[in-house]
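The file start-v2.pdb comes next; it holds PDB, C-alpha atoms.
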```
MODEL        1
ATOM      1  CA  ASN A 580       0.000   0.000   0.000
ATOM      2  CA  ALA A 581       1.701   3.128  -1.236
ATOM      3  CA  GLY A 582      -0.108   5.417   1.176
ATOM      4  CA  VAL A 583      -1.508   8.826   0.298
ATOM      5  CA  MET A 584       0.354  10.227  -2.699
ATOM      6  CA  GLN A 585       0.537  13.904  -3.482
ATOM      7  CA  ASN A 586       2.166  15.593  -6.425
ATOM      8  CA  PRO A 587       3.981  17.656  -7.115
ATOM      9  CA  ARG A 588       5.995  17.900  -3.876
ATOM     10  CA  HIS A 589       7.053  21.426  -4.734
ATOM     11  CA  LEU A 590       5.319  23.877  -7.044
ATOM     12  CA  VAL A 591       6.405  27.359  -7.990
ATOM     13  CA  ARG A 592       3.950  29.667  -9.684
ATOM     14  CA  ARG A 593       4.020  33.321 -10.673
ATOM     15  CA  ARG A 594       1.272  35.597  -9.451
ATOM     16  CA  GLY A 595      -1.809  35.214 -11.623
ATOM     17  CA  GLN A 596      -1.063  31.655 -12.752
ATOM     18  CA  GLU A 597      -3.048  28.566 -11.856
ATOM     19  CA  ALA A 598      -1.890  25.892  -9.422
ATOM     20  CA  ARG A 599      -3.126  22.305  -9.605
ATOM     21  CA  LEU A 600      -2.415  19.990  -6.697
ATOM     22  CA  ARG A 601      -3.111  16.279  -6.946
ATOM     23  CA  CYS A 602      -3.900  13.702  -4.288
ATOM     24  CA  SER A 603      -4.333   9.959  -4.673
ATOM     25  CA  PRO A 604      -5.838   8.461  -1.506
ATOM     26  CA  MET A 605      -4.791   5.215   0.055
ATOM     27  CA  LYS A 606      -6.137   2.129  -1.642
ATOM     28  CA  GLY A 607      -9.666   1.464  -0.465
ATOM     29  CA  HIS A 608     -10.184   4.968   0.922
ATOM     30  CA  SER A 609     -13.028   7.035  -0.484
ATOM     31  CA  HIS A 610     -12.845  10.084   1.811
ATOM     32  CA  VAL A 611     -10.404  12.872   1.033
ATOM     33  CA  TYR A 612      -9.608  16.028   2.983
ATOM     34  CA  TRP A 613      -7.476  19.017   2.051
ATOM     35  CA  TYR A 614      -5.679  21.124   4.639
ATOM     36  CA  ARG A 615      -3.498  24.231   4.338
ATOM     37  CA  GLN A 616      -0.540  24.851   6.605
ATOM     38  CA  LEU A 617       1.241  28.181   6.728
ATOM     39  CA  PRO A 618       4.852  28.203   7.994
ATOM     40  CA  GLU A 619       5.000  27.439  11.708
ATOM     41  CA  GLU A 620       1.229  27.297  11.954
ATOM     42  CA  GLY A 621      -1.424  24.608  12.333
ATOM     43  CA  LEU A 622      -3.505  22.646   9.852
ATOM     44  CA  LYS A 623      -6.529  24.547   8.564
ATOM     45  CA  PHE A 624      -9.384  22.495   7.152
ATOM     46  CA  MET A 625     -10.328  23.420   3.611
ATOM     47  CA  VAL A 626     -12.621  20.785   2.093
ATOM     48  CA  TYR A 627     -13.905  17.231   2.544
ATOM     49  CA  LEU A 628     -14.849  15.167  -0.491
ATOM     50  CA  GLN A 629     -16.106  11.720  -1.256
ATOM     51  CA  LYS A 630     -16.076  10.270  -4.738
ATOM     52  CA  GLU A 631     -17.764  12.811  -7.037
ATOM     53  CA  ASN A 632     -19.205  14.760  -4.091
ATOM     54  CA  ILE A 633     -18.153  17.756  -2.042
ATOM     55  CA  ILE A 634     -19.352  17.057   1.496
ATOM     56  CA  ASP A 635     -18.021  20.095   3.356
ATOM     57  CA  GLU A 636     -16.222  23.062   1.812
ATOM     58  CA  SER A 637     -16.632  25.424   4.725
ATOM     59  CA  GLY A 638     -12.883  26.074   4.869
ATOM     60  CA  MET A 639     -12.448  26.978   1.221
ATOM     61  CA  PRO A 640     -11.974  30.625   0.279
ATOM     62  CA  LYS A 641     -15.012  31.834  -1.641
ATOM     63  CA  GLU A 642     -13.059  32.758  -4.749
ATOM     64  CA  ARG A 643     -10.254  31.222  -6.814
ATOM     65  CA  PHE A 644     -10.224  27.880  -4.952
ATOM     66  CA  SER A 645     -11.999  24.724  -6.080
ATOM     67  CA  ALA A 646     -11.702  21.007  -5.429
ATOM     68  CA  GLU A 647     -12.922  17.849  -7.053
ATOM     69  CA  PHE A 648     -12.663  14.109  -6.561
ATOM     70  CA  PRO A 649     -13.801  12.453  -9.785
ATOM     71  CA  LYS A 650     -14.969   8.900 -10.149
ATOM     72  CA  GLU A 651     -11.677   8.016 -11.765
ATOM     73  CA  GLY A 652      -8.354   9.575 -10.893
ATOM     74  CA  PRO A 653      -6.956  11.683  -8.094
ATOM     75  CA  SER A 654      -8.523  14.489  -6.148
ATOM     76  CA  ILE A 655      -7.523  17.908  -7.466
ATOM     77  CA  LEU A 656      -7.223  21.165  -5.564
ATOM     78  CA  ARG A 657      -7.170  24.052  -8.013
ATOM     79  CA  ILE A 658      -6.119  27.590  -7.191
ATOM     80  CA  GLN A 659      -6.719  30.147  -9.910
ATOM     81  CA  GLN A 660      -4.897  33.470 -10.239
ATOM     82  CA  VAL A 661      -2.547  32.692  -7.371
ATOM     83  CA  VAL A 662      -1.345  35.453  -5.051
ATOM     84  CA  ARG A 663       1.631  35.531  -2.682
ATOM     85  CA  GLY A 664      -0.650  34.786   0.260
ATOM     86  CA  ASP A 665      -1.454  31.392  -1.248
ATOM     87  CA  SER A 666       2.100  30.233  -0.546
ATOM     88  CA  ALA A 667       1.785  27.387   1.936
ATOM     89  CA  ALA A 668       1.996  23.630   2.332
ATOM     90  CA  TYR A 669      -1.160  21.890   1.176
ATOM     91  CA  PHE A 670      -1.778  18.504   2.720
ATOM     92  CA  CYS A 671      -4.233  15.886   1.616
ATOM     93  CA  ALA A 672      -5.488  13.129   3.902
ATOM     94  CA  SER A 673      -7.694  10.128   3.285
ATOM     95  CA  SER A 674      -9.780   7.823   5.429
ATOM     96  CA  GLY A 675     -11.934   4.749   4.997
ATOM     97  CA  ASN A 676     -15.605   3.991   5.350
ATOM     98  CA  ARG A 677     -16.181   5.814   8.621
ATOM     99  CA  GLY A 678     -15.138   9.126   7.130
ATOM    100  CA  PRO A 679     -13.987  11.762   9.645
ATOM    101  CA  ASN A 680     -14.520   9.324  12.508
ATOM    102  CA  ALA A 681     -11.793   6.992  11.315
ATOM    103  CA  GLU A 682      -8.033   7.169  11.065
ATOM    104  CA  ALA A 683      -6.947   9.726   8.501
ATOM    105  CA  PHE A 684      -3.548   9.399   6.863
ATOM    106  CA  PHE A 685      -1.709  12.324   5.359
ATOM    107  CA  GLY A 686       0.265  12.668   2.175
ATOM    108  CA  GLN A 687       3.662  14.337   2.109
ATOM    109  CA  GLY A 688       2.149  17.620   1.044
ATOM    110  CA  THR A 689       2.662  20.038  -1.815
ATOM    111  CA  ARG A 690       4.656  23.137  -0.995
ATOM    112  CA  LEU A 691       3.370  25.957  -3.136
ATOM    113  CA  THR A 692       5.501  29.032  -3.591
ATOM    114  CA  VAL A 693       4.067  32.031  -5.402
ATOM    115  CA  VAL A 694       6.670  34.432  -6.745
TER     116      VAL A 694
ATOM    117  CA  GLY B  13     -18.441  26.991  17.207
ATOM    118  CA  GLU B  14     -15.934  24.606  15.729
ATOM    119  CA  ASN B  15     -12.943  25.222  17.916
ATOM    120  CA  VAL B  16     -10.234  23.006  19.241
ATOM    121  CA  GLU B  17      -7.998  24.785  21.730
ATOM    122  CA  GLN B  18      -4.566  23.339  22.458
ATOM    123  CA  HIS B  19      -2.116  24.181  25.261
ATOM    124  CA  PRO B  20       0.700  24.840  25.735
ATOM    125  CA  SER B  21       1.992  26.202  22.451
ATOM    126  CA  THR B  22       5.549  25.250  23.384
ATOM    127  CA  LEU B  23       6.822  22.752  25.913
ATOM    128  CA  SER B  24      10.404  22.040  26.939
ATOM    129  CA  VAL B  25      11.190  19.018  29.083
ATOM    130  CA  GLN B  26      14.308  17.235  30.193
ATOM    131  CA  GLU B  27      14.979  13.839  28.677
ATOM    132  CA  GLY B  28      13.284  11.189  30.784
ATOM    133  CA  ASP B  29      10.607  13.518  32.133
ATOM    134  CA  SER B  30       6.928  13.388  31.165
ATOM    135  CA  ALA B  31       5.139  15.743  28.799
ATOM    136  CA  VAL B  32       1.438  16.566  28.867
ATOM    137  CA  ILE B  33      -0.488  18.419  26.177
ATOM    138  CA  LYS B  34      -4.120  19.395  26.664
ATOM    139  CA  CYS B  35      -6.955  20.140  24.267
ATOM    140  CA  THR B  36     -10.541  21.270  24.621
ATOM    141  CA  TYR B  37     -13.272  21.077  22.016
ATOM    142  CA  SER B  38     -16.605  22.766  21.534
ATOM    143  CA  ASP B  39     -18.834  20.272  19.715
ATOM    144  CA  SER B  40     -20.458  17.963  22.238
ATOM    145  CA  ALA B  41     -21.247  15.523  19.412
ATOM    146  CA  SER B  42     -17.544  14.956  18.671
ATOM    147  CA  ASN B  43     -16.680  11.312  19.113
ATOM    148  CA  TYR B  44     -13.223  10.799  17.617
ATOM    149  CA  PHE B  45      -9.998  12.408  18.886
ATOM    150  CA  PRO B  46      -6.693  11.651  17.179
ATOM    151  CA  TRP B  47      -3.219  12.987  17.914
ATOM    152  CA  TYR B  48      -0.649  13.659  15.220
ATOM    153  CA  LYS B  49       3.104  14.198  15.360
ATOM    154  CA  GLN B  50       4.756  16.345  12.721
ATOM    155  CA  GLU B  51       8.505  16.576  12.330
ATOM    156  CA  LEU B  52      10.027  19.524  10.517
ATOM    157  CA  GLY B  53       9.223  19.466   6.815
ATOM    158  CA  LYS B  54       7.333  16.187   7.024
ATOM    159  CA  ARG B  55       3.754  15.007   6.977
ATOM    160  CA  PRO B  56       1.613  14.752  10.130
ATOM    161  CA  GLN B  57       1.593  11.169  11.374
ATOM    162  CA  LEU B  58      -1.088   9.592  13.524
ATOM    163  CA  ILE B  59       0.379   8.435  16.829
ATOM    164  CA  ILE B  60      -2.686   7.561  18.898
ATOM    165  CA  ASP B  61      -6.433   8.147  18.880
ATOM    166  CA  ILE B  62      -9.388   7.686  21.197
ATOM    167  CA  ARG B  63     -13.125   7.379  20.735
ATOM    168  CA  SER B  64     -15.817   8.753  22.974
ATOM    169  CA  ASN B  65     -16.778   5.385  24.422
ATOM    170  CA  VAL B  66     -13.352   5.077  26.056
ATOM    171  CA  GLY B  67     -11.821   7.202  28.800
ATOM    172  CA  GLU B  68      -8.180   6.270  28.370
ATOM    173  CA  LYS B  69      -5.936   4.521  25.880
ATOM    174  CA  LYS B  70      -2.271   3.642  26.149
ATOM    175  CA  ASP B  71       0.385   2.595  23.664
ATOM    176  CA  GLN B  72       3.816   2.073  25.206
ATOM    177  CA  ARG B  73       5.068   5.520  26.333
ATOM    178  CA  ILE B  74       2.060   7.366  24.929
ATOM    179  CA  ALA B  75      -1.369   7.647  26.520
ATOM    180  CA  VAL B  76      -4.459   9.707  25.827
ATOM    181  CA  THR B  77      -7.262  10.531  28.264
ATOM    182  CA  LEU B  78     -10.716  11.852  27.433
ATOM    183  CA  ASN B  79     -13.212  13.650  29.651
ATOM    184  CA  LYS B  80     -16.411  13.986  27.626
ATOM    185  CA  THR B  81     -18.264  15.894  30.316
ATOM    186  CA  ALA B  82     -15.625  18.592  30.431
ATOM    187  CA  LYS B  83     -14.917  18.289  26.687
ATOM    188  CA  HIS B  84     -11.209  17.952  27.030
ATOM    189  CA  PHE B  85      -8.590  15.359  26.185
ATOM    190  CA  SER B  86      -4.896  15.092  26.855
ATOM    191  CA  LEU B  87      -1.764  13.459  25.473
ATOM    192  CA  HIS B  88       0.768  12.057  27.928
ATOM    193  CA  ILE B  89       4.276  11.070  26.888
ATOM    194  CA  THR B  90       6.380   9.369  29.550
ATOM    195  CA  GLU B  91      10.150   8.863  29.629
ATOM    196  CA  THR B  92      10.621  11.406  26.862
ATOM    197  CA  GLN B  93      13.467  10.969  24.409
ATOM    198  CA  PRO B  94      15.124  13.469  22.041
ATOM    199  CA  GLU B  95      13.351  11.851  19.080
ATOM    200  CA  ASP B  96      10.035  12.846  20.638
ATOM    201  CA  SER B  97      10.873  16.460  19.749
ATOM    202  CA  ALA B  98       8.327  17.572  17.144
ATOM    203  CA  VAL B  99       5.075  19.480  16.776
ATOM    204  CA  TYR B 100       2.048  17.660  18.165
ATOM    205  CA  PHE B 101      -1.495  18.355  16.989
ATOM    206  CA  CYS B 102      -4.726  17.257  18.597
ATOM    207  CA  ALA B 103      -7.905  17.018  16.552
ATOM    208  CA  ALA B 104     -11.597  16.389  17.028
ATOM    209  CA  SER B 105     -14.245  15.231  14.591
ATOM    210  CA  ILE B 106     -16.690  18.099  14.159
ATOM    211  CA  GLY B 107     -20.200  17.817  12.801
ATOM    212  CA  GLY B 108     -19.408  14.398  11.399
ATOM    213  CA  ASN B 109     -17.823  16.127   8.426
ATOM    214  CA  LYS B 110     -14.271  16.989   9.275
ATOM    215  CA  LEU B 111     -11.359  16.831  11.640
ATOM    216  CA  VAL B 112     -10.557  20.186  13.184
ATOM    217  CA  PHE B 113      -7.039  20.566  14.505
ATOM    218  CA  GLY B 114      -5.615  22.437  17.428
ATOM    219  CA  ALA B 115      -2.904  25.014  16.783
ATOM    220  CA  GLY B 116      -0.116  22.633  17.747
ATOM    221  CA  THR B 117       2.439  22.236  20.531
ATOM    222  CA  ILE B 118       6.158  22.427  19.871
ATOM    223  CA  LEU B 119       7.765  19.844  22.138
ATOM    224  CA  ARG B 120      11.487  20.096  22.802
ATOM    225  CA  VAL B 121      13.182  17.310  24.704
ATOM    226  CA  LYS B 122      16.540  18.420  26.067
ATOM    227  CA  SER B 123      19.233  15.827  26.562
TER     228      SER B 123
ENDMDL
END
```
Translate this file's structure into structure tokens.
Amino acid sequence: NAGVMQNPRHLVRRRGQEARLRCSPMKGHSHVYWYRQLPEEGLKFMVYLQKENIIDESGMPKERFSAEFPKEGPSILRIQQVVRGDSAAYFCASSGNRGPNAEAFFGQGTRLTVV
Amino acid sequence: GENVEQHPSTLSVQEGDSAVIKCTYSDSASNYFPWYKQELGKRPQLIIDIRSNVGEKKDQRIAVTLNKTAKHFSLHITETQPEDSAVYFCAASIGGNKLVFGAGTILRVKS
């Protein structure tokens, strides 16, 4: 079991470009969560998805951010027209059938730098 | 609200001593409470968790206690070692839809 896989590990974008972050959950997991972590800060919930459904997006900024988890393929977190304040580590986690009430395992994160 | 408060923010202990980190939560319906350890530049890793039908759980040098009435839970690390130095995060399941994390505790074990 390869665990939760995120790519890329590091992503550099210029202001105004789009950033696409990918997350493949652990085998057998159908619940995916995205978190943002600023340097030396905690993990801020962004969105919770199950296959083809957004369950809770209460932590997503209203503009420029979107997430999906299609029937086939990885979950994608998309940030349009990036700004310097978007620079952070973005972590994906996945869990099994019990959703948020079960063990969630994190990927290695994508470190986004906006220049 | 959907808050998880964590204290202290930093904790320094001498090698061999115990370390205790405390968290409180606001959602009385929360029923799952994991703890994660994050080393510098790495992913958070689950170290222990507890569910609301249990008051205490232990795994070698690590234990977690839960007081549902008071809505707080604690992580206890005994016989600390330098490799225990890391950032520790508590979390609580909120609204059945997400894990909300505390702000983290930087633990430094001095040898």
Could the residues of chain B within 6 Å of chain A, counting only C-alpha atoms, be given as a list in words, please? Tyr44, Arg55, Asn109, Lys110, Ala115 and Gly116 of chain B
Just say which residues the PyMOL selection byres ((chain B and resi 64) around 10) picks in this file, as a list in words.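 Applying the expression gives Ala41, Ser42, Asn43, Tyr44, Phe45, Ile62, Arg63, Asn65, Val66, Gly67, Glu68, Leu78, Asn79 and Lys80 of chain B.
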Please identify all polymer residues lying at most 8 Å from the point (-12.7, 20.7, -3.5) (file coordinates), using only C-alpha atoms, and present the result as a PyMOL selection string. chain A and resi 613+625-628+633+636+639+644-648+654-657
Could you work out an axis-aligned bounding box for all listed atoms of region 63-79 of chain B, with 3 Å added on each of the six sides, and give its centre and edge lengths in Å to one decimal, as JSON?
```
{"center_x": -5.9, "center_y": 7.9, "center_z": 25.2, "size_x": 27.8, "size_y": 17.6, "size_z": 14.9}
```
Given the point (3.5, 37.7, 0.6) in the coordinates of this file, which residues lie within 12 Å, counting only C-alpha atoms, and how would they look as a PDB file with C-alpha atoms, in the frame of the given file?
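Listing of result23.pdb after writing:
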```pdb
ATOM      1  CA  ARG A 594       1.272  35.597  -9.451  1.00  0.00           C
ATOM      2  CA  LEU A 617       1.241  28.181   6.728  1.00  0.00           C
ATOM      3  CA  VAL A 661      -2.547  32.692  -7.371  1.00  0.00           C
ATOM      4  CA  VAL A 662      -1.345  35.453  -5.051  1.00  0.00           C
ATOM      5  CA  ARG A 663       1.631  35.531  -2.682  1.00  0.00           C
ATOM      6  CA  GLY A 664      -0.650  34.786   0.260  1.00  0.00           C
ATOM      7  CA  ASP A 665      -1.454  31.392  -1.248  1.00  0.00           C
ATOM      8  CA  SER A 666       2.100  30.233  -0.546  1.00  0.00           C
ATOM      9  CA  ALA A 667       1.785  27.387   1.936  1.00  0.00           C
ATOM     10  CA  THR A 692       5.501  29.032  -3.591  1.00  0.00           C
ATOM     11  CA  VAL A 693       4.067  32.031  -5.402  1.00  0.00           C
ATOM     12  CA  VAL A 694       6.670  34.432  -6.745  1.00  0.00           C
TER      13      VAL A 694
END
```
Rounded to one decimal in Å, what is the spacing between CA of Ile106 (chain B) and CA of Ala31 (chain B)? 26.4 Å
Could you tell me how far CA of Ile118 (chain B) lies from CA of His84 (chain B), in Å and to one decimal?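 Atom-to-atom, CA of Ile118 (chain B) and CA of His84 (chain B) are spaced 19.3 Å apart.
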Fewer than 3 positions away in the same chain doesn't count, so skip those; otherwise give me all residues within 8 Å of region 651-653 of chain A, counting only C-alpha atoms, as JSON, numbers by chain. {"A": [601, 602, 603, 604, 648]}
Please produce, as a tab-separated table, a per-residue contact table for region 16-93 of chain B versus region 582-589 of chain A (criterion: any atom at most 12 Å away, only C-alpha atoms considered), showing the nearest atom pair and its distance in Å to one decimal, sorted by chain then residue number.
```
residue	atom	partner	partner_atom	distance
B:Gly53	CA	A:Arg588	CA	11.3
B:Lys54	CA	A:Arg588	CA	11.1
B:Arg55	CA	A:Val583	CA	10.5
B:Pro56	CA	A:Val583	CA	11.9
B:Gln57	CA	A:Val583	CA	11.7
```
Work out how far apart CA of Tyr100 (chain B) and CA of Pro640 (chain A) are and give it in Å to one decimal. 26.2 Å
Nearest to Ser105 (chain B): which of B:Ile74, B:Val121, B:Val16, B:Leu52 is it, counting only C-alpha atoms?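 Closest residue, counting only C-alpha atoms: B:Val16.
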With the file shown as input, list the residues that the PyMOL selection byres ((chain A and resi 660) around 6) selects, as a ChimeraX atom specification. /A:595-597,659,661
So which residues get picked by the PyMOL selection byres ((chain B and resi 27) around 8) here, written as a list in words? Val25, Gln26, Gly28, Asp29, Glu91, Thr92, Gln93, Pro94, Val121, Lys122 and Ser123 of chain B
